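For reference, my_file_36.pdb (PDB, C-alpha atoms):
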ATOM      1  CA  ASP S  58       0.000   0.000   0.000  1.00  0.00           C
ATOM      2  CA  ALA S  59       1.904   3.051  -1.293  1.00  0.00           C
ATOM      3  CA  ARG S  60       2.096   5.980   1.115  1.00  0.00           C
ATOM      4  CA  VAL S  61       3.903   9.247   1.576  1.00  0.00           C
ATOM      5  CA  THR S  62       6.288   9.052   4.520  1.00  0.00           C
ATOM      6  CA  GLN S  63       7.576  11.957   6.592  1.00  0.00           C
ATOM      7  CA  THR S  64      10.271  12.271   9.230  1.00  0.00           C
ATOM      8  CA  PRO S  65      10.433  13.244  11.975  1.00  0.00           C
ATOM      9  CA  ARG S  66       6.836  12.904  13.133  1.00  0.00           C
ATOM     10  CA  ASP S  67       7.411  15.296  16.009  1.00  0.00           C
ATOM     11  CA  LYS S  68      10.073  17.931  16.525  1.00  0.00           C
ATOM     12  CA  VAL S  69      10.563  20.261  19.475  1.00  0.00           C
ATOM     13  CA  THR S  70      13.285  22.842  19.128  1.00  0.00           C
ATOM     14  CA  GLU S  71      14.353  26.190  20.455  1.00  0.00           C
ATOM     15  CA  MET S  72      14.044  29.482  18.671  1.00  0.00           C
ATOM     16  CA  GLY S  73      16.986  30.120  16.354  1.00  0.00           C
ATOM     17  CA  GLN S  74      17.751  26.461  15.679  1.00  0.00           C
ATOM     18  CA  GLU S  75      17.734  24.898  12.217  1.00  0.00           C
ATOM     19  CA  VAL S  76      14.953  22.430  11.462  1.00  0.00           C
ATOM     20  CA  THR S  77      14.940  19.951   8.575  1.00  0.00           C
ATOM     21  CA  MET S  78      11.889  17.915   7.632  1.00  0.00           C
ATOM     22  CA  ARG S  79      12.012  15.063   5.135  1.00  0.00           C
ATOM     23  CA  CYS S  80       9.480  13.498   2.854  1.00  0.00           C
ATOM     24  CA  GLN S  81       9.503  10.393   0.689  1.00  0.00           C
ATOM     25  CA  PRO S  82       6.825  10.686  -1.997  1.00  0.00           C
ATOM     26  CA  ILE S  83       4.908   7.746  -3.403  1.00  0.00           C
ATOM     27  CA  LEU S  84       7.092   5.918  -5.907  1.00  0.00           C
ATOM     28  CA  GLY S  85       6.321   7.107  -9.422  1.00  0.00           C
ATOM     29  CA  HIS S  86       4.714  10.386  -8.395  1.00  0.00           C
ATOM     30  CA  ASN S  87       6.385  13.353 -10.086  1.00  0.00           C
ATOM     31  CA  THR S  88       4.808  16.224  -8.130  1.00  0.00           C
ATOM     32  CA  VAL S  89       5.606  16.957  -4.476  1.00  0.00           C
ATOM     33  CA  PHE S  90       3.890  19.551  -2.297  1.00  0.00           C
ATOM     34  CA  TRP S  91       4.672  21.099   1.094  1.00  0.00           C
ATOM     35  CA  TYR S  92       1.765  22.408   3.215  1.00  0.00           C
ATOM     36  CA  ARG S  93       1.519  23.976   6.648  1.00  0.00           C
ATOM     37  CA  GLN S  94      -1.530  23.574   8.880  1.00  0.00           C
ATOM     38  CA  THR S  95      -2.382  25.789  11.852  1.00  0.00           C
ATOM     39  CA  MET S  96      -5.586  26.418  13.757  1.00  0.00           C
ATOM     40  CA  MET S  97      -5.606  30.049  12.656  1.00  0.00           C
ATOM     41  CA  GLN S  98      -4.711  29.694   8.967  1.00  0.00           C
ATOM     42  CA  GLY S  99      -5.857  26.187   8.144  1.00  0.00           C
ATOM     43  CA  LEU S 100      -4.011  24.281   5.417  1.00  0.00           C
ATOM     44  CA  GLU S 101      -1.752  26.468   3.260  1.00  0.00           C
ATOM     45  CA  LEU S 102       0.477  25.554   0.345  1.00  0.00           C
ATOM     46  CA  LEU S 103       4.105  26.531   0.883  1.00  0.00           C
ATOM     47  CA  ALA S 104       5.728  25.183  -2.284  1.00  0.00           C
ATOM     48  CA  TYR S 105       5.622  22.438  -4.855  1.00  0.00           C
ATOM     49  CA  PHE S 106       7.932  20.646  -7.268  1.00  0.00           C
ATOM     50  CA  ARG S 107       7.406  18.781 -10.487  1.00  0.00           C
ATOM     51  CA  ASN S 108      10.082  16.406 -11.741  1.00  0.00           C
ATOM     52  CA  ARG S 109      12.256  17.815  -8.936  1.00  0.00           C
ATOM     53  CA  ALA S 110      12.066  21.397 -10.255  1.00  0.00           C
ATOM     54  CA  PRO S 111      10.405  24.061  -8.091  1.00  0.00           C
ATOM     55  CA  LEU S 112       7.225  25.342  -9.747  1.00  0.00           C
ATOM     56  CA  ASP S 113       5.654  27.515  -7.076  1.00  0.00           C
ATOM     57  CA  ASP S 114       7.121  28.675  -3.783  1.00  0.00           C
ATOM     58  CA  SER S 115       5.011  31.800  -3.402  1.00  0.00           C
ATOM     59  CA  GLY S 116       3.579  30.610  -0.085  1.00  0.00           C
ATOM     60  CA  MET S 117       6.950  30.182   1.545  1.00  0.00           C
ATOM     61  CA  PRO S 118       8.728  32.855   3.632  1.00  0.00           C
ATOM     62  CA  LYS S 119      11.875  33.198   1.553  1.00  0.00           C
ATOM     63  CA  ASP S 120      14.140  34.585   4.229  1.00  0.00           C
ATOM     64  CA  ARG S 121      14.084  31.524   6.465  1.00  0.00           C
ATOM     65  CA  PHE S 122      12.466  28.655   4.567  1.00  0.00           C
ATOM     66  CA  SER S 123      13.973  26.572   1.794  1.00  0.00           C
ATOM     67  CA  ALA S 124      12.715  23.497  -0.024  1.00  0.00           C
ATOM     68  CA  GLU S 125      14.661  21.095  -2.203  1.00  0.00           C
ATOM     69  CA  MET S 126      14.418  17.732  -3.930  1.00  0.00           C
ATOM     70  CA  PRO S 127      17.898  16.174  -3.936  1.00  0.00           C
ATOM     71  CA  ASP S 128      16.476  13.203  -5.817  1.00  0.00           C
ATOM     72  CA  ALA S 129      13.119  11.791  -6.899  1.00  0.00           C
ATOM     73  CA  THR S 130      12.657   9.892  -3.637  1.00  0.00           C
ATOM     74  CA  LEU S 131      13.430  12.697  -1.189  1.00  0.00           C
ATOM     75  CA  ALA S 132      12.060  16.181  -0.580  1.00  0.00           C
ATOM     76  CA  THR S 133      13.303  18.419   2.227  1.00  0.00           C
ATOM     77  CA  LEU S 134      11.927  21.518   3.928  1.00  0.00           C
ATOM     78  CA  LYS S 135      14.363  23.518   5.999  1.00  0.00           C
ATOM     79  CA  ILE S 136      13.759  26.398   8.391  1.00  0.00           C
ATOM     80  CA  GLN S 137      16.747  28.456   9.507  1.00  0.00           C
ATOM     81  CA  PRO S 138      16.483  30.137  11.928  1.00  0.00           C
ATOM     82  CA  SER S 139      13.249  28.809  13.399  1.00  0.00           C
ATOM     83  CA  GLU S 140      10.813  31.085  15.250  1.00  0.00           C
ATOM     84  CA  PRO S 141       7.873  30.326  17.582  1.00  0.00           C
ATOM     85  CA  ARG S 142       5.423  31.424  14.859  1.00  0.00           C
ATOM     86  CA  ASP S 143       6.670  28.518  12.723  1.00  0.00           C
ATOM     87  CA  SER S 144       5.024  26.076  15.126  1.00  0.00           C
ATOM     88  CA  ALA S 145       2.553  24.076  13.041  1.00  0.00           C
ATOM     89  CA  VAL S 146       2.009  20.712  11.391  1.00  0.00           C
ATOM     90  CA  TYR S 147       3.890  20.432   8.102  1.00  0.00           C
ATOM     91  CA  PHE S 148       2.488  18.053   5.517  1.00  0.00           C
ATOM     92  CA  CYS S 149       4.072  16.654   2.418  1.00  0.00           C
ATOM     93  CA  ALA S 150       1.842  15.415  -0.389  1.00  0.00           C
ATOM     94  CA  SER S 151       2.597  13.791  -3.722  1.00  0.00           C
ATOM     95  CA  GLY S 152       0.715  13.236  -6.929  1.00  0.00           C
ATOM     96  CA  LEU S 153       1.021  12.412 -10.570  1.00  0.00           C
ATOM     97  CA  LEU S 154       0.783  15.485 -12.789  1.00  0.00           C
ATOM     98  CA  GLY S 155      -0.536  17.439  -9.796  1.00  0.00           C
ATOM     99  CA  ASP S 156      -4.113  16.232  -9.921  1.00  0.00           C
ATOM    100  CA  THR S 157      -5.073  14.223  -6.846  1.00  0.00           C
ATOM    101  CA  GLN S 158      -2.683  14.864  -3.965  1.00  0.00           C
ATOM    102  CA  TYR S 159      -1.926  12.159  -1.396  1.00  0.00           C
ATOM    103  CA  PHE S 160      -0.825  13.428   1.976  1.00  0.00           C
ATOM    104  CA  GLY S 161       1.714  12.095   4.432  1.00  0.00           C
ATOM    105  CA  PRO S 162       1.171  11.865   8.202  1.00  0.00           C
ATOM    106  CA  GLY S 163       2.793  15.237   8.881  1.00  0.00           C
ATOM    107  CA  THR S 164       5.575  16.614  11.072  1.00  0.00           C
ATOM    108  CA  ARG S 165       4.394  18.429  14.189  1.00  0.00           C
ATOM    109  CA  LEU S 166       6.874  21.246  14.851  1.00  0.00           C
ATOM    110  CA  THR S 167       7.028  23.118  18.141  1.00  0.00           C
ATOM    111  CA  VAL S 168       9.449  26.030  18.402  1.00  0.00           C
ATOM    112  CA  LEU S 169       9.982  27.230  21.970  1.00  0.00           C
TER     113      LEU S 169
ATOM    114  CA  GLU H  72      -8.299  35.480  -5.314  1.00  0.00           C
ATOM    115  CA  ASP H  73      -9.738  32.002  -4.855  1.00  0.00           C
ATOM    116  CA  GLN H  74     -12.049  31.621  -1.892  1.00  0.00           C
ATOM    117  CA  VAL H  75     -13.439  28.484  -0.305  1.00  0.00           C
ATOM    118  CA  THR H  76     -15.988  28.617   2.504  1.00  0.00           C
ATOM    119  CA  GLN H  77     -17.247  25.541   4.316  1.00  0.00           C
ATOM    120  CA  SER H  78     -20.327  25.310   6.483  1.00  0.00           C
ATOM    121  CA  PRO H  79     -21.172  24.497   9.123  1.00  0.00           C
ATOM    122  CA  GLU H  80     -17.914  24.751  11.080  1.00  0.00           C
ATOM    123  CA  ALA H  81     -19.040  21.872  13.266  1.00  0.00           C
ATOM    124  CA  LEU H  82     -21.868  19.356  13.016  1.00  0.00           C
ATOM    125  CA  ARG H  83     -23.028  16.856  15.571  1.00  0.00           C
ATOM    126  CA  LEU H  84     -25.259  13.984  14.402  1.00  0.00           C
ATOM    127  CA  GLN H  85     -26.803  10.911  15.897  1.00  0.00           C
ATOM    128  CA  GLU H  86     -25.888   7.625  14.291  1.00  0.00           C
ATOM    129  CA  GLY H  87     -28.185   7.111  11.302  1.00  0.00           C
ATOM    130  CA  GLU H  88     -29.102  10.803  11.021  1.00  0.00           C
ATOM    131  CA  SER H  89     -28.328  11.875   7.435  1.00  0.00           C
ATOM    132  CA  SER H  90     -27.089  15.388   6.645  1.00  0.00           C
ATOM    133  CA  SER H  91     -25.033  17.473   4.215  1.00  0.00           C
ATOM    134  CA  LEU H  92     -21.890  19.569   4.396  1.00  0.00           C
ATOM    135  CA  ASN H  93     -21.498  22.607   2.170  1.00  0.00           C
ATOM    136  CA  CYS H  94     -18.495  24.013   0.316  1.00  0.00           C
ATOM    137  CA  SER H  95     -18.983  27.342  -1.480  1.00  0.00           C
ATOM    138  CA  TYR H  96     -16.235  28.532  -3.792  1.00  0.00           C
ATOM    139  CA  THR H  97     -15.234  31.536  -5.851  1.00  0.00           C
ATOM    140  CA  VAL H  98     -12.735  30.953  -8.637  1.00  0.00           C
ATOM    141  CA  SER H  99     -12.305  32.441 -12.072  1.00  0.00           C
ATOM    142  CA  GLY H 100     -12.205  28.998 -13.654  1.00  0.00           C
ATOM    143  CA  LEU H 101     -12.559  25.688 -11.835  1.00  0.00           C
ATOM    144  CA  ARG H 102     -10.238  22.857 -12.807  1.00  0.00           C
ATOM    145  CA  GLY H 103     -11.350  20.562  -9.997  1.00  0.00           C
ATOM    146  CA  LEU H 104     -12.936  20.404  -6.556  1.00  0.00           C
ATOM    147  CA  PHE H 105     -11.535  17.957  -4.027  1.00  0.00           C
ATOM    148  CA  TRP H 106     -12.930  16.475  -0.823  1.00  0.00           C
ATOM    149  CA  TYR H 107     -10.646  15.123   1.884  1.00  0.00           C
ATOM    150  CA  ARG H 108     -11.242  13.568   5.277  1.00  0.00           C
ATOM    151  CA  GLN H 109      -8.840  14.312   8.141  1.00  0.00           C
ATOM    152  CA  ASP H 110      -8.691  12.380  11.404  1.00  0.00           C
ATOM    153  CA  PRO H 111      -6.972  13.926  14.460  1.00  0.00           C
ATOM    154  CA  GLY H 112      -3.199  13.658  14.256  1.00  0.00           C
ATOM    155  CA  LYS H 113      -3.247  12.411  10.654  1.00  0.00           C
ATOM    156  CA  GLY H 114      -2.862  13.799   7.185  1.00  0.00           C
ATOM    157  CA  PRO H 115      -5.842  14.514   4.923  1.00  0.00           C
ATOM    158  CA  GLU H 116      -7.166  11.420   3.176  1.00  0.00           C
ATOM    159  CA  PHE H 117      -8.441  11.815  -0.380  1.00  0.00           C
ATOM    160  CA  LEU H 118     -12.139  11.114  -0.952  1.00  0.00           C
ATOM    161  CA  PHE H 119     -13.358  12.575  -4.258  1.00  0.00           C
ATOM    162  CA  THR H 120     -12.550  14.835  -7.185  1.00  0.00           C
ATOM    163  CA  LEU H 121     -15.329  16.614  -9.098  1.00  0.00           C
ATOM    164  CA  TYR H 122     -14.623  18.427 -12.343  1.00  0.00           C
ATOM    165  CA  SER H 123     -17.849  19.819 -13.746  1.00  0.00           C
ATOM    166  CA  ALA H 124     -21.256  21.021 -12.599  1.00  0.00           C
ATOM    167  CA  GLY H 125     -23.749  18.194 -12.312  1.00  0.00           C
ATOM    168  CA  GLU H 126     -21.110  15.589 -11.558  1.00  0.00           C
ATOM    169  CA  GLU H 127     -21.702  13.227  -8.616  1.00  0.00           C
ATOM    170  CA  LYS H 128     -19.465  10.649  -6.946  1.00  0.00           C
ATOM    171  CA  GLU H 129     -20.244   8.114  -4.236  1.00  0.00           C
ATOM    172  CA  LYS H 130     -18.245   6.076  -1.784  1.00  0.00           C
ATOM    173  CA  GLU H 131     -19.993   4.001   0.863  1.00  0.00           C
ATOM    174  CA  ARG H 132     -22.167   6.439   2.876  1.00  0.00           C
ATOM    175  CA  LEU H 133     -20.750   9.538   1.193  1.00  0.00           C
ATOM    176  CA  LYS H 134     -21.917  11.283  -1.960  1.00  0.00           C
ATOM    177  CA  ALA H 135     -20.374  14.448  -3.361  1.00  0.00           C
ATOM    178  CA  THR H 136     -22.148  16.765  -5.792  1.00  0.00           C
ATOM    179  CA  LEU H 137     -21.053  19.879  -7.632  1.00  0.00           C
ATOM    180  CA  THR H 138     -22.751  22.998  -8.976  1.00  0.00           C
ATOM    181  CA  LYS H 139     -21.173  26.119 -10.478  1.00  0.00           C
ATOM    182  CA  LYS H 140     -20.907  27.772  -7.059  1.00  0.00           C
ATOM    183  CA  GLU H 141     -20.852  25.034  -4.452  1.00  0.00           C
ATOM    184  CA  SER H 142     -20.378  21.408  -3.601  1.00  0.00           C
ATOM    185  CA  PHE H 143     -22.218  19.256  -1.115  1.00  0.00           C
ATOM    186  CA  LEU H 144     -21.005  16.207   0.740  1.00  0.00           C
ATOM    187  CA  HIS H 145     -24.037  14.152   1.656  1.00  0.00           C
ATOM    188  CA  ILE H 146     -23.666  11.653   4.466  1.00  0.00           C
ATOM    189  CA  THR H 147     -26.333   8.953   4.560  1.00  0.00           C
ATOM    190  CA  ALA H 148     -26.992   7.029   7.782  1.00  0.00           C
ATOM    191  CA  PRO H 149     -23.636   8.006   9.303  1.00  0.00           C
ATOM    192  CA  LYS H 150     -21.754   5.837  11.771  1.00  0.00           C
ATOM    193  CA  PRO H 151     -19.444   6.931  14.606  1.00  0.00           C
ATOM    194  CA  GLU H 152     -16.437   6.026  12.440  1.00  0.00           C
ATOM    195  CA  ASP H 153     -17.462   8.790  10.026  1.00  0.00           C
ATOM    196  CA  SER H 154     -16.477  11.329  12.687  1.00  0.00           C
ATOM    197  CA  ALA H 155     -13.661  13.474  11.260  1.00  0.00           C
ATOM    198  CA  THR H 156     -12.950  16.870   9.774  1.00  0.00           C
ATOM    199  CA  TYR H 157     -13.991  17.111   6.134  1.00  0.00           C
ATOM    200  CA  LEU H 158     -11.973  19.463   3.973  1.00  0.00           C
ATOM    201  CA  CYS H 159     -12.899  20.910   0.622  1.00  0.00           C
ATOM    202  CA  ALA H 160     -10.304  22.320  -1.798  1.00  0.00           C
ATOM    203  CA  VAL H 161     -10.417  23.925  -5.229  1.00  0.00           C
ATOM    204  CA  GLN H 162      -7.913  23.914  -8.046  1.00  0.00           C
ATOM    205  CA  GLU H 163      -8.171  26.898 -10.341  1.00  0.00           C
ATOM    206  CA  GLU H 164      -7.430  26.678 -14.072  1.00  0.00           C
ATOM    207  CA  THR H 165      -4.598  29.196 -14.094  1.00  0.00           C
ATOM    208  CA  SER H 166      -3.011  28.291 -10.758  1.00  0.00           C
ATOM    209  CA  GLY H 167      -1.217  25.129 -11.833  1.00  0.00           C
ATOM    210  CA  SER H 168      -1.527  22.355  -9.263  1.00  0.00           C
ATOM    211  CA  ARG H 169      -2.159  24.688  -6.310  1.00  0.00           C
ATOM    212  CA  LEU H 170      -5.050  23.654  -4.022  1.00  0.00           C
ATOM    213  CA  THR H 171      -6.885  26.259  -1.949  1.00  0.00           C
ATOM    214  CA  PHE H 172      -8.475  24.646   1.090  1.00  0.00           C
ATOM    215  CA  GLY H 173     -11.493  25.646   3.132  1.00  0.00           C
ATOM    216  CA  GLU H 174     -11.397  25.663   6.918  1.00  0.00           C
ATOM    217  CA  GLY H 175     -13.194  22.345   7.166  1.00  0.00           C
ATOM    218  CA  THR H 176     -16.307  20.964   8.856  1.00  0.00           C
ATOM    219  CA  GLN H 177     -15.754  18.981  12.029  1.00  0.00           C
ATOM    220  CA  LEU H 178     -18.287  16.140  12.051  1.00  0.00           C
ATOM    221  CA  THR H 179     -19.121  14.171  15.183  1.00  0.00           C
ATOM    222  CA  VAL H 180     -21.439  11.168  14.969  1.00  0.00           C
ATOM    223  CA  ASN H 181     -22.719   9.930  18.304  1.00  0.00           C
ATOM    224  CA  PRO H 182     -23.727   6.280  18.808  1.00  0.00           C
TER     225      PRO H 182
END

Using the file provided, produce a representation of the structure as C-alpha coordinates.
Amino acid sequence: DARVTQTPRDKVTEMGQEVTMRCQPILGHNTVFWYRQTMMQGLELLAYFRNRAPLDDSGMPKDRFSAEMPDATLATLKIQPSEPRDSAVYFCASGLLGDTQYFGPGTRLTVL
Amino acid sequence: EDQVTQSPEALRLQEGESSSLNCSYTVSGLRGLFWYRQDPGKGPEFLFTLYSAGEEKEKERLKATLTKKESFLHITAPKPEDSATYLCAVQEETSGSRLTFGEGTQLTVNP
(Lines of atoms letter the chains of each structure in order from A and count residues from 1; the text may use other names and numbers.)
(Lines give C-alpha, C1' and ligand atoms only; values in the text may rest on other atoms or scores of the structure.)
Protein backbone atom coordinates (compact mmCIF):
# COMPACT_ATOMS: atom_id res chain seq x y z
CA ASP A 1 0.00 0.00 0.00
CA ALA A 2 1.90 3.05 -1.29
CA ARG A 3 2.10 5.98 1.12
CA VAL A 4 3.90 9.25 1.58
CA THR A 5 6.29 9.05 4.52
CA GLN A 6 7.58 11.96 6.59
CA THR A 7 10.27 12.27 9.23
CA PRO A 8 10.43 13.24 11.98
CA ARG A 9 6.84 12.90 13.13
CA ASP A 10 7.41 15.30 16.01
CA LYS A 11 10.07 17.93 16.52
CA VAL A 12 10.56 20.26 19.47
CA THR A 13 13.29 22.84 19.13
CA GLU A 14 14.35 26.19 20.45
CA MET A 15 14.04 29.48 18.67
CA GLY A 16 16.99 30.12 16.35
CA GLN A 17 17.75 26.46 15.68
CA GLU A 18 17.73 24.90 12.22
CA VAL A 19 14.95 22.43 11.46
CA THR A 20 14.94 19.95 8.57
CA MET A 21 11.89 17.92 7.63
CA ARG A 22 12.01 15.06 5.14
CA CYS A 23 9.48 13.50 2.85
CA GLN A 24 9.50 10.39 0.69
CA PRO A 25 6.83 10.69 -2.00
CA ILE A 26 4.91 7.75 -3.40
CA LEU A 27 7.09 5.92 -5.91
CA GLY A 28 6.32 7.11 -9.42
CA HIS A 29 4.71 10.39 -8.40
CA ASN A 30 6.38 13.35 -10.09
CA THR A 31 4.81 16.22 -8.13
CA VAL A 32 5.61 16.96 -4.48
CA PHE A 33 3.89 19.55 -2.30
CA TRP A 34 4.67 21.10 1.09
CA TYR A 35 1.77 22.41 3.21
CA ARG A 36 1.52 23.98 6.65
CA GLN A 37 -1.53 23.57 8.88
CA THR A 38 -2.38 25.79 11.85
CA MET A 39 -5.59 26.42 13.76
CA MET A 40 -5.61 30.05 12.66
CA GLN A 41 -4.71 29.69 8.97
CA GLY A 42 -5.86 26.19 8.14
CA LEU A 43 -4.01 24.28 5.42
CA GLU A 44 -1.75 26.47 3.26
CA LEU A 45 0.48 25.55 0.34
CA LEU A 46 4.11 26.53 0.88
CA ALA A 47 5.73 25.18 -2.28
CA TYR A 48 5.62 22.44 -4.85
CA PHE A 49 7.93 20.65 -7.27
CA ARG A 50 7.41 18.78 -10.49
CA ASN A 51 10.08 16.41 -11.74
CA ARG A 52 12.26 17.82 -8.94
CA ALA A 53 12.07 21.40 -10.25
CA PRO A 54 10.40 24.06 -8.09
CA LEU A 55 7.22 25.34 -9.75
CA ASP A 56 5.65 27.52 -7.08
CA ASP A 57 7.12 28.68 -3.78
CA SER A 58 5.01 31.80 -3.40
CA GLY A 59 3.58 30.61 -0.09
CA MET A 60 6.95 30.18 1.54
CA PRO A 61 8.73 32.85 3.63
CA LYS A 62 11.87 33.20 1.55
CA ASP A 63 14.14 34.59 4.23
CA ARG A 64 14.08 31.52 6.47
CA PHE A 65 12.47 28.66 4.57
CA SER A 66 13.97 26.57 1.79
CA ALA A 67 12.71 23.50 -0.02
CA GLU A 68 14.66 21.10 -2.20
CA MET A 69 14.42 17.73 -3.93
CA PRO A 70 17.90 16.17 -3.94
CA ASP A 71 16.48 13.20 -5.82
CA ALA A 72 13.12 11.79 -6.90
CA THR A 73 12.66 9.89 -3.64
CA LEU A 74 13.43 12.70 -1.19
CA ALA A 75 12.06 16.18 -0.58
CA THR A 76 13.30 18.42 2.23
CA LEU A 77 11.93 21.52 3.93
CA LYS A 78 14.36 23.52 6.00
CA ILE A 79 13.76 26.40 8.39
CA GLN A 80 16.75 28.46 9.51
CA PRO A 81 16.48 30.14 11.93
CA SER A 82 13.25 28.81 13.40
CA GLU A 83 10.81 31.09 15.25
CA PRO A 84 7.87 30.33 17.58
CA ARG A 85 5.42 31.42 14.86
CA ASP A 86 6.67 28.52 12.72
CA SER A 87 5.02 26.08 15.13
CA ALA A 88 2.55 24.08 13.04
CA VAL A 89 2.01 20.71 11.39
CA TYR A 90 3.89 20.43 8.10
CA PHE A 91 2.49 18.05 5.52
CA CYS A 92 4.07 16.65 2.42
CA ALA A 93 1.84 15.42 -0.39
CA SER A 94 2.60 13.79 -3.72
CA GLY A 95 0.72 13.24 -6.93
CA LEU A 96 1.02 12.41 -10.57
CA LEU A 97 0.78 15.49 -12.79
CA GLY A 98 -0.54 17.44 -9.80
CA ASP A 99 -4.11 16.23 -9.92
CA THR A 100 -5.07 14.22 -6.85
CA GLN A 101 -2.68 14.86 -3.96
CA TYR A 102 -1.93 12.16 -1.40
CA PHE A 103 -0.83 13.43 1.98
CA GLY A 104 1.71 12.10 4.43
CA PRO A 105 1.17 11.87 8.20
CA GLY A 106 2.79 15.24 8.88
CA THR A 107 5.58 16.61 11.07
CA ARG A 108 4.39 18.43 14.19
CA LEU A 109 6.87 21.25 14.85
CA THR A 110 7.03 23.12 18.14
CA VAL A 111 9.45 26.03 18.40
CA LEU A 112 9.98 27.23 21.97
CA GLU B 1 -8.30 35.48 -5.31
CA ASP B 2 -9.74 32.00 -4.85
CA GLN B 3 -12.05 31.62 -1.89
CA VAL B 4 -13.44 28.48 -0.30
CA THR B 5 -15.99 28.62 2.50
CA GLN B 6 -17.25 25.54 4.32
CA SER B 7 -20.33 25.31 6.48
CA PRO B 8 -21.17 24.50 9.12
CA GLU B 9 -17.91 24.75 11.08
CA ALA B 10 -19.04 21.87 13.27
CA LEU B 11 -21.87 19.36 13.02
CA ARG B 12 -23.03 16.86 15.57
CA LEU B 13 -25.26 13.98 14.40
CA GLN B 14 -26.80 10.91 15.90
CA GLU B 15 -25.89 7.62 14.29
CA GLY B 16 -28.18 7.11 11.30
CA GLU B 17 -29.10 10.80 11.02
CA SER B 18 -28.33 11.88 7.43
CA SER B 19 -27.09 15.39 6.64
CA SER B 20 -25.03 17.47 4.22
CA LEU B 21 -21.89 19.57 4.40
CA ASN B 22 -21.50 22.61 2.17
CA CYS B 23 -18.49 24.01 0.32
CA SER B 24 -18.98 27.34 -1.48
CA TYR B 25 -16.24 28.53 -3.79
CA THR B 26 -15.23 31.54 -5.85
CA VAL B 27 -12.73 30.95 -8.64
CA SER B 28 -12.30 32.44 -12.07
CA GLY B 29 -12.21 29.00 -13.65
CA LEU B 30 -12.56 25.69 -11.84
CA ARG B 31 -10.24 22.86 -12.81
CA GLY B 32 -11.35 20.56 -10.00
CA LEU B 33 -12.94 20.40 -6.56
CA PHE B 34 -11.54 17.96 -4.03
CA TRP B 35 -12.93 16.48 -0.82
CA TYR B 36 -10.65 15.12 1.88
CA ARG B 37 -11.24 13.57 5.28
CA GLN B 38 -8.84 14.31 8.14
CA ASP B 39 -8.69 12.38 11.40
CA PRO B 40 -6.97 13.93 14.46
CA GLY B 41 -3.20 13.66 14.26
CA LYS B 42 -3.25 12.41 10.65
CA GLY B 43 -2.86 13.80 7.18
CA PRO B 44 -5.84 14.51 4.92
CA GLU B 45 -7.17 11.42 3.18
CA PHE B 46 -8.44 11.82 -0.38
CA LEU B 47 -12.14 11.11 -0.95
CA PHE B 48 -13.36 12.57 -4.26
CA THR B 49 -12.55 14.84 -7.18
CA LEU B 50 -15.33 16.61 -9.10
CA TYR B 51 -14.62 18.43 -12.34
CA SER B 52 -17.85 19.82 -13.75
CA ALA B 53 -21.26 21.02 -12.60
CA GLY B 54 -23.75 18.19 -12.31
CA GLU B 55 -21.11 15.59 -11.56
CA GLU B 56 -21.70 13.23 -8.62
CA LYS B 57 -19.46 10.65 -6.95
CA GLU B 58 -20.24 8.11 -4.24
CA LYS B 59 -18.25 6.08 -1.78
CA GLU B 60 -19.99 4.00 0.86
CA ARG B 61 -22.17 6.44 2.88
CA LEU B 62 -20.75 9.54 1.19
CA LYS B 63 -21.92 11.28 -1.96
CA ALA B 64 -20.37 14.45 -3.36
CA THR B 65 -22.15 16.76 -5.79
CA LEU B 66 -21.05 19.88 -7.63
CA THR B 67 -22.75 23.00 -8.98
CA LYS B 68 -21.17 26.12 -10.48
CA LYS B 69 -20.91 27.77 -7.06
CA GLU B 70 -20.85 25.03 -4.45
CA SER B 71 -20.38 21.41 -3.60
CA PHE B 72 -22.22 19.26 -1.11
CA LEU B 73 -21.00 16.21 0.74
CA HIS B 74 -24.04 14.15 1.66
CA ILE B 75 -23.67 11.65 4.47
CA THR B 76 -26.33 8.95 4.56
CA ALA B 77 -26.99 7.03 7.78
CA PRO B 78 -23.64 8.01 9.30
CA LYS B 79 -21.75 5.84 11.77
CA PRO B 80 -19.44 6.93 14.61
CA GLU B 81 -16.44 6.03 12.44
CA ASP B 82 -17.46 8.79 10.03
CA SER B 83 -16.48 11.33 12.69
CA ALA B 84 -13.66 13.47 11.26
CA THR B 85 -12.95 16.87 9.77
CA TYR B 86 -13.99 17.11 6.13
CA LEU B 87 -11.97 19.46 3.97
CA CYS B 88 -12.90 20.91 0.62
CA ALA B 89 -10.30 22.32 -1.80
CA VAL B 90 -10.42 23.93 -5.23
CA GLN B 91 -7.91 23.91 -8.05
CA GLU B 92 -8.17 26.90 -10.34
CA GLU B 93 -7.43 26.68 -14.07
CA THR B 94 -4.60 29.20 -14.09
CA SER B 95 -3.01 28.29 -10.76
CA GLY B 96 -1.22 25.13 -11.83
CA SER B 97 -1.53 22.36 -9.26
CA ARG B 98 -2.16 24.69 -6.31
CA LEU B 99 -5.05 23.65 -4.02
CA THR B 100 -6.88 26.26 -1.95
CA PHE B 101 -8.47 24.65 1.09
CA GLY B 102 -11.49 25.65 3.13
CA GLU B 103 -11.40 25.66 6.92
CA GLY B 104 -13.19 22.34 7.17
CA THR B 105 -16.31 20.96 8.86
CA GLN B 106 -15.75 18.98 12.03
CA LEU B 107 -18.29 16.14 12.05
CA THR B 108 -19.12 14.17 15.18
CA VAL B 109 -21.44 11.17 14.97
CA ASN B 110 -22.72 9.93 18.30
CA PRO B 111 -23.73 6.28 18.81

> Exactly which residues make up the result of the ChimeraX specification (/S :<6) & /H on this file, given as a PyMOL selection string?
Replying inline: chain H and resi 113-115+168+174

> What separation in Å, quoted to one decimal, exists between CA of Ala110 in chain S and CA of Thr62 in chain S?
Replying inline: 20.1 Å

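Interatomic distance, CA of Arg142 in chain S against CA of Trp91 in chain S: 17.2 Å.
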
> On this structure, which residues satisfy the PyMOL selection byres ((chain H and resi 149-164) around 6), written as an MDAnalysis selection string?
Replying inline: chainID H and resid 86:87 100:110 147:148 165:166 170:173 175:181

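Interatomic distance, CA of Gly73 in chain S to CA of Ser115 in chain S: 23.2 Å.
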
>> the PyMOL selection byres ((chain S and resi 81) around 10) - which residues does that actually catch in the file I just gave you? List them as a ChimeraX atom specification.
In response: /S:60-64,79-80,82-84,89,126,128-133,149-151,161

> Quick one: residues within 12 Å of range 126-130 of chain H, all atoms listed in the file counted, chain neighbours fewer than 6 positions away excluded, as an MDAnalysis selection string?
Replying inline: chainID H and resid 103:106 117:120 136:139 141:147

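Of the listed residues S:His86, S:Lys68, S:Arg109, S:Lys119, the one whose atoms come nearest to Ala145 in chain S is S:Lys68, with distances taken using only C-alpha atoms.
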
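Nearest to Leu134 in chain S of all the residues S:Thr167, S:Asn108, S:Gln94, S:Thr77 is S:Thr77, based on all atoms listed in the file.
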
Coordinates of box centre and edge lengths for range 121-132 of chain H, 3 Å on every side, axis-aligned, as lines of an AutoDock Vina configuration file:
center_x = -19.2
center_y = 12.5
center_z = -5.4
size_x = 15.1
size_y = 23.0
size_z = 22.6

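Comparing H:Lys134, H:Leu82, H:Leu121, H:Lys140 by their smallest distance to Tyr96 in chain H, the closest is H:Lys140 (using all atoms listed in the file).
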